[in-house]
Amino acid sequence: MPWADILVIMMGSLRAIGVVMALPTMGGTTLPPMLRVALSFMLGGLLASVAPPGVVPPTSALVSLAGASLHEILLGLAMGLLIRMTLSGADLAGRLISGEVGLIAAPGFDVPKPAQEPLPALFAFFAGLMFFALHAHEQVLAAFARSFVIAPPGMGGLSPMAAETLVGGLSALMELALRMAAPFIALNFVITFAFAILGRAVPKMNVFILSGAMRSLMGMMLLAGGGALFTRYLSGAFDRLPWTMLELVTRR
C-alpha cells in the first residue's frame, strides 16, 4: 500500500476517535480502549478510503503532518462532544427529577454509581436505547461520512463558528433536561403548595412526612406515564444532532 494511502487512513481514523468514544452502548457500559481504537481505525479507514482525495502532508513535513493530525483529532472530539451533550441531557433530567420526587442518594466521596443513583442511570439507559431505536446512530454516522465530503482527510478543521455551536449545544442540553423534568417540577410545586395550606389549616398534621410520601408516589405515577413525552423530546434532539455536527466542519 502506498504511504499516501496509509496517511489518508490515519487521518480519517484520527477524526473518528472522538465520535466512537461518544457513541453509547446498549448496556450503558463503556467499550474497552482497544476496541474503541479498532473501531476508530475501521470506521475512519473505510470512510477515508472512499472520500474525495485530500492534500495530506508528506512525512518529511513533520510540522505540517502534526498540525493536520491535531486538527483532525480536535474535529472528531468536537463532534463527539455534541453527541455526548445530547445524551447527557437525559442524565441531567434524571438528576433533576430525583430531587423533585425525593429519590436523592446520600452524598459520598467516590464517583456516583448506578446503584447509588438509580433514576439518572435509568434515564441514561433509556436515552441510549432510544438512540438506536430511533435510528439516530445511522444519522450520526451519515453526518460523519458527510464530513469527509466537506473536508477530505488531512484537510479537516473546526469552523469559525465552532465555539458558538458548542455553546449552543450546551444550552440545548439544559433545555432538553428542563423540558423532561418540567412536569415533575410543576408537580412538586403543586404538592408543596397544597400541603402548605393544609399545614396552616391543620396545625397538628405532620406535613413533611405526608408531603414527602405523596411527592414520591405521584412522581412514580407520572414517571410511569411519561415515556412517550421523553421519547418525543429525545427524538427532536437526535434529529438536530447531525446538522449541528456538520456545522463544526470546515476545509482548511
# chains A, B, ... in the order shown; residues from 1 in each chain; ligands from 1

$ closest_atom_pairs --of "segment 144-249 of chain A" --to "segment 132-140 of chain A" --cutoff "12 Å" --atoms "only C-alpha atoms" --output "CSV"
residue,atom,partner,partner_atom,distance
A:Phe144,CA,A:Val140,CA,6.2
A:Ala145,CA,A:Val140,CA,8.6
A:Arg146,CA,A:Val140,CA,9.7
A:Ser147,CA,A:Val140,CA,10.7
A:Thr231,CA,A:Leu134,CA,9.1
A:Arg232,CA,A:Leu134,CA,10.5
A:Tyr233,CA,A:Leu134,CA,12.0
A:Leu234,CA,A:Leu134,CA,9.2
A:Ser235,CA,A:Leu134,CA,7.1
A:Gly236,CA,A:Ala136,CA,10.5
A:Ala237,CA,A:Ala136,CA,9.7
A:Phe238,CA,A:Ala136,CA,5.9
A:Asp239,CA,A:Ala136,CA,7.3
A:Arg240,CA,A:Gln139,CA,9.8
A:Leu241,CA,A:Val140,CA,7.3
A:Pro242,CA,A:Val140,CA,5.4
A:Trp243,CA,A:Val140,CA,9.1
A:Thr244,CA,A:Val140,CA,10.2
A:Met245,CA,A:Val140,CA,8.2
A:Leu246,CA,A:Val140,CA,9.9

$ residues_around --residues "segment 33-42 of chain A" --least-positions-apart "2" --cutoff "10 Å" --atoms "only C-alpha atoms" --output "list in words"
Ile9, Met10, Met11, Gly12, Ser13, Leu14, Arg15, Ala16, Ile17, Gly18, Val19, Val20, Met21, Thr30, Leu31, Gly44, Gly45, Leu46, Leu47 and Ala48 of chain A

$ write_last_selection --atoms "C-alpha atoms" --output "compact mmCIF listing (two decimals), in the first residue's frame"
# COMPACT_ATOMS: atom_id res chain seq x y z
CA ILE A 9 -6.47 6.24 6.50
CA MET A 10 -4.62 7.53 9.56
CA MET A 11 -6.18 11.00 9.19
CA GLY A 12 -9.65 9.53 8.85
CA SER A 13 -9.11 7.32 11.88
CA LEU A 14 -7.96 10.27 13.99
CA ARG A 15 -11.18 12.08 13.12
CA ALA A 16 -13.25 9.00 14.05
CA ILE A 17 -11.75 8.58 17.54
CA GLY A 18 -13.87 11.29 19.15
CA VAL A 19 -17.08 10.07 17.53
CA VAL A 20 -16.53 6.42 18.51
CA MET A 21 -15.72 7.39 22.08
CA THR A 30 -18.09 1.72 28.18
CA LEU A 31 -16.21 -0.15 25.49
CA GLY A 44 -12.22 6.12 9.69
CA GLY A 45 -10.29 3.94 7.29
CA LEU A 46 -13.38 2.79 5.40
CA LEU A 47 -14.79 6.28 5.02
CA ALA A 48 -11.46 7.92 4.25

$ atom_distance --atom1 "atom CA of Leu122 of chain A" --atom2 "atom CA of Ala172 of chain A"
20.8 Å

$ atom_distance --atom1 "atom CA of Ala78 of chain A" --atom2 "atom CA of Glu164 of chain A"
12.0 Å

$ select_by_dssp --residues "segment 127-250 of chain A" --states "alpha helix (DSSP H)" --output "count of residues only"
100

$ closest_residue --among "A:Leu77, A:Met218, A:Ala201, A:Ala66" --to "Phe184 of chain A" --atoms "only C-alpha atoms"
A:Met218

$ atom_distance --atom1 "atom CA of Ser216 of chain A" --atom2 "atom CA of Gly102 of chain A"
6.1 Å

$ closest_residue --among "A:Leu7, A:His71, A:Leu248, A:Val63" --to "Thr165 of chain A" --atoms "only C-alpha atoms"
A:Leu248

$ closest_atom_pairs --of "segment 80-108 of chain A" --to "segment 187-196 of chain A" --cutoff "12 Å" --atoms "only C-alpha atoms" --output "tab-separated table"
residue	atom	partner	partner_atom	distance
A:Leu96	CA	A:Asn188	CA	11.5
A:Ile97	CA	A:Asn188	CA	9.8
A:Ser98	CA	A:Asn188	CA	11.3
A:Gly99	CA	A:Asn188	CA	9.6
A:Glu100	CA	A:Asn188	CA	6.0
A:Val101	CA	A:Asn188	CA	7.3
A:Gly102	CA	A:Asn188	CA	9.7

$ write_last_selection --atoms "N, CA and C atoms" --output "PDB file, in the first residue's frame"
ATOM      1  N   LEU A  96     -32.397  15.928  38.019  1.00  0.00           N
ATOM      2  CA  LEU A  96     -33.375  16.933  38.431  1.00  0.00           C
ATOM      3  C   LEU A  96     -34.650  16.276  38.963  1.00  0.00           C
ATOM      4  N   ILE A  97     -35.091  15.227  38.289  1.00  0.00           N
ATOM      5  CA  ILE A  97     -36.311  14.539  38.722  1.00  0.00           C
ATOM      6  C   ILE A  97     -36.093  13.840  40.053  1.00  0.00           C
ATOM      7  N   SER A  98     -34.897  13.324  40.280  1.00  0.00           N
ATOM      8  CA  SER A  98     -34.603  12.671  41.563  1.00  0.00           C
ATOM      9  C   SER A  98     -34.787  13.640  42.721  1.00  0.00           C
ATOM     10  N   GLY A  99     -34.371  14.881  42.523  1.00  0.00           N
ATOM     11  CA  GLY A  99     -34.554  15.874  43.573  1.00  0.00           C
ATOM     12  C   GLY A  99     -36.004  16.249  43.777  1.00  0.00           C
ATOM     13  N   GLU A 100     -36.801  16.197  42.707  1.00  0.00           N
ATOM     14  CA  GLU A 100     -38.202  16.601  42.828  1.00  0.00           C
ATOM     15  C   GLU A 100     -39.061  15.523  43.468  1.00  0.00           C
ATOM     16  N   VAL A 101     -38.730  14.251  43.249  1.00  0.00           N
ATOM     17  CA  VAL A 101     -39.559  13.172  43.797  1.00  0.00           C
ATOM     18  C   VAL A 101     -38.962  12.581  45.066  1.00  0.00           C
ATOM     19  N   GLY A 102     -37.868  13.148  45.558  1.00  0.00           N
ATOM     20  CA  GLY A 102     -37.309  12.699  46.825  1.00  0.00           C
ATOM     21  C   GLY A 102     -36.519  11.416  46.752  1.00  0.00           C
TER      22      GLY A 102
END

$ select_by_dssp --residues "segment 17-251 of chain A" --states "strand (DSSP E)" --output "JSON, numbers by chain"
{"A": [156, 157, 158, 249, 250, 251]}

$ closest_residue --among "A:Val249, A:Leu222, A:Leu43, A:Ala51" --to "Pro160 of chain A" --atoms "only C-alpha atoms"
A:Val249

$ residues_around --residues "Phe126 of chain A" --least-positions-apart "5" --cutoff "12 Å" --atoms "only C-alpha atoms" --output "number ranges by chain"
A: 24-28, 87-91, 93-94, 119-121, 131-134, 227-228, 230-231, 234

$ write_last_selection --atoms "N, CA and C atoms" --output "PDB file, in the first residue's frame"
ATOM      1  N   PRO A  24     -23.022   5.719  22.489  1.00  0.00           N
ATOM      2  CA  PRO A  24     -23.461   4.927  23.653  1.00  0.00           C
ATOM      3  C   PRO A  24     -23.478   3.444  23.338  1.00  0.00           C
ATOM      4  N   THR A  25     -23.618   2.631  24.365  1.00  0.00           N
ATOM      5  CA  THR A  25     -23.756   1.188  24.234  1.00  0.00           C
ATOM      6  C   THR A  25     -25.118   0.773  24.765  1.00  0.00           C
ATOM      7  N   MET A  26     -25.586  -0.376  24.359  1.00  0.00           N
ATOM      8  CA  MET A  26     -26.909  -0.832  24.759  1.00  0.00           C
ATOM      9  C   MET A  26     -26.985  -1.100  26.251  1.00  0.00           C
ATOM     10  N   GLY A  27     -25.902  -1.587  26.839  1.00  0.00           N
ATOM     11  CA  GLY A  27     -25.913  -1.909  28.262  1.00  0.00           C
ATOM     12  C   GLY A  27     -25.499  -0.779  29.162  1.00  0.00           C
ATOM     13  N   GLY A  28     -25.151   0.373  28.595  1.00  0.00           N
ATOM     14  CA  GLY A  28     -24.728   1.505  29.397  1.00  0.00           C
ATOM     15  C   GLY A  28     -23.288   1.448  29.859  1.00  0.00           C
ATOM     16  N   LEU A  87     -26.849  13.178  24.745  1.00  0.00           N
ATOM     17  CA  LEU A  87     -27.188  12.047  25.603  1.00  0.00           C
ATOM     18  C   LEU A  87     -27.166  12.434  27.080  1.00  0.00           C
ATOM     19  N   SER A  88     -26.315  13.383  27.434  1.00  0.00           N
ATOM     20  CA  SER A  88     -26.233  13.798  28.832  1.00  0.00           C
ATOM     21  C   SER A  88     -27.443  14.599  29.272  1.00  0.00           C
ATOM     22  N   GLY A  89     -28.229  15.114  28.318  1.00  0.00           N
ATOM     23  CA  GLY A  89     -29.447  15.817  28.691  1.00  0.00           C
ATOM     24  C   GLY A  89     -30.406  14.926  29.445  1.00  0.00           C
ATOM     25  N   ALA A  90     -30.501  13.653  29.051  1.00  0.00           N
ATOM     26  CA  ALA A  90     -31.377  12.718  29.762  1.00  0.00           C
ATOM     27  C   ALA A  90     -30.832  12.413  31.149  1.00  0.00           C
ATOM     28  N   ASP A  91     -29.527  12.276  31.268  1.00  0.00           N
ATOM     29  CA  ASP A  91     -28.919  12.029  32.582  1.00  0.00           C
ATOM     30  C   ASP A  91     -29.162  13.198  33.526  1.00  0.00           C
ATOM     31  N   ALA A  93     -31.628  15.321  33.309  1.00  0.00           N
ATOM     32  CA  ALA A  93     -33.055  15.310  33.634  1.00  0.00           C
ATOM     33  C   ALA A  93     -33.354  14.315  34.751  1.00  0.00           C
ATOM     34  N   GLY A  94     -32.690  13.162  34.720  1.00  0.00           N
ATOM     35  CA  GLY A  94     -32.883  12.189  35.795  1.00  0.00           C
ATOM     36  C   GLY A  94     -32.433  12.713  37.146  1.00  0.00           C
ATOM     37  N   LEU A 119     -32.303   6.522  39.316  1.00  0.00           N
ATOM     38  CA  LEU A 119     -33.111   7.249  38.336  1.00  0.00           C
ATOM     39  C   LEU A 119     -32.270   7.879  37.226  1.00  0.00           C
ATOM     40  N   PRO A 120     -31.156   8.576  37.528  1.00  0.00           N
ATOM     41  CA  PRO A 120     -30.298   9.039  36.419  1.00  0.00           C
ATOM     42  C   PRO A 120     -29.758   7.899  35.566  1.00  0.00           C
ATOM     43  N   ALA A 121     -29.438   6.766  36.192  1.00  0.00           N
ATOM     44  CA  ALA A 121     -28.958   5.624  35.411  1.00  0.00           C
ATOM     45  C   ALA A 121     -30.054   5.093  34.493  1.00  0.00           C
ATOM     46  N   PHE A 131     -31.537   6.024  21.291  1.00  0.00           N
ATOM     47  CA  PHE A 131     -30.555   6.431  20.294  1.00  0.00           C
ATOM     48  C   PHE A 131     -30.485   5.411  19.162  1.00  0.00           C
ATOM     49  N   PHE A 132     -30.586   4.125  19.514  1.00  0.00           N
ATOM     50  CA  PHE A 132     -30.562   3.082  18.487  1.00  0.00           C
ATOM     51  C   PHE A 132     -31.961   2.781  17.953  1.00  0.00           C
ATOM     52  N   ALA A 133     -32.983   2.860  18.803  1.00  0.00           N
ATOM     53  CA  ALA A 133     -34.338   2.552  18.348  1.00  0.00           C
ATOM     54  C   ALA A 133     -34.852   3.567  17.350  1.00  0.00           C
ATOM     55  N   LEU A 134     -34.475   4.827  17.509  1.00  0.00           N
ATOM     56  CA  LEU A 134     -34.898   5.889  16.593  1.00  0.00           C
ATOM     57  C   LEU A 134     -33.942   6.069  15.421  1.00  0.00           C
ATOM     58  N   GLY A 227     -43.145   8.102  29.331  1.00  0.00           N
ATOM     59  CA  GLY A 227     -42.213   7.562  28.347  1.00  0.00           C
ATOM     60  C   GLY A 227     -42.380   8.161  26.965  1.00  0.00           C
ATOM     61  N   ALA A 228     -43.631   8.344  26.540  1.00  0.00           N
ATOM     62  CA  ALA A 228     -43.875   8.919  25.209  1.00  0.00           C
ATOM     63  C   ALA A 228     -43.390  10.365  25.133  1.00  0.00           C
ATOM     64  N   PHE A 230     -40.927  11.726  26.941  1.00  0.00           N
ATOM     65  CA  PHE A 230     -39.466  11.715  26.915  1.00  0.00           C
ATOM     66  C   PHE A 230     -38.948  11.333  25.528  1.00  0.00           C
ATOM     67  N   THR A 231     -39.602  10.355  24.898  1.00  0.00           N
ATOM     68  CA  THR A 231     -39.184   9.920  23.563  1.00  0.00           C
ATOM     69  C   THR A 231     -39.343  11.041  22.544  1.00  0.00           C
ATOM     70  N   LEU A 234     -36.449  13.483  23.057  1.00  0.00           N
ATOM     71  CA  LEU A 234     -35.195  12.896  22.596  1.00  0.00           C
ATOM     72  C   LEU A 234     -35.165  12.788  21.074  1.00  0.00           C
TER      73      LEU A 234
END

$ closest_residue --among "A:Leu65, A:Ala124, A:Ala213, A:Leu81" --to "Val167 of chain A" --atoms "only C-alpha atoms"
A:Leu81

$ closest_residue --among "A:Leu74, A:Met220, A:Ile150, A:Met155" --to "Val8 of chain A" --atoms "only C-alpha atoms"
A:Met155
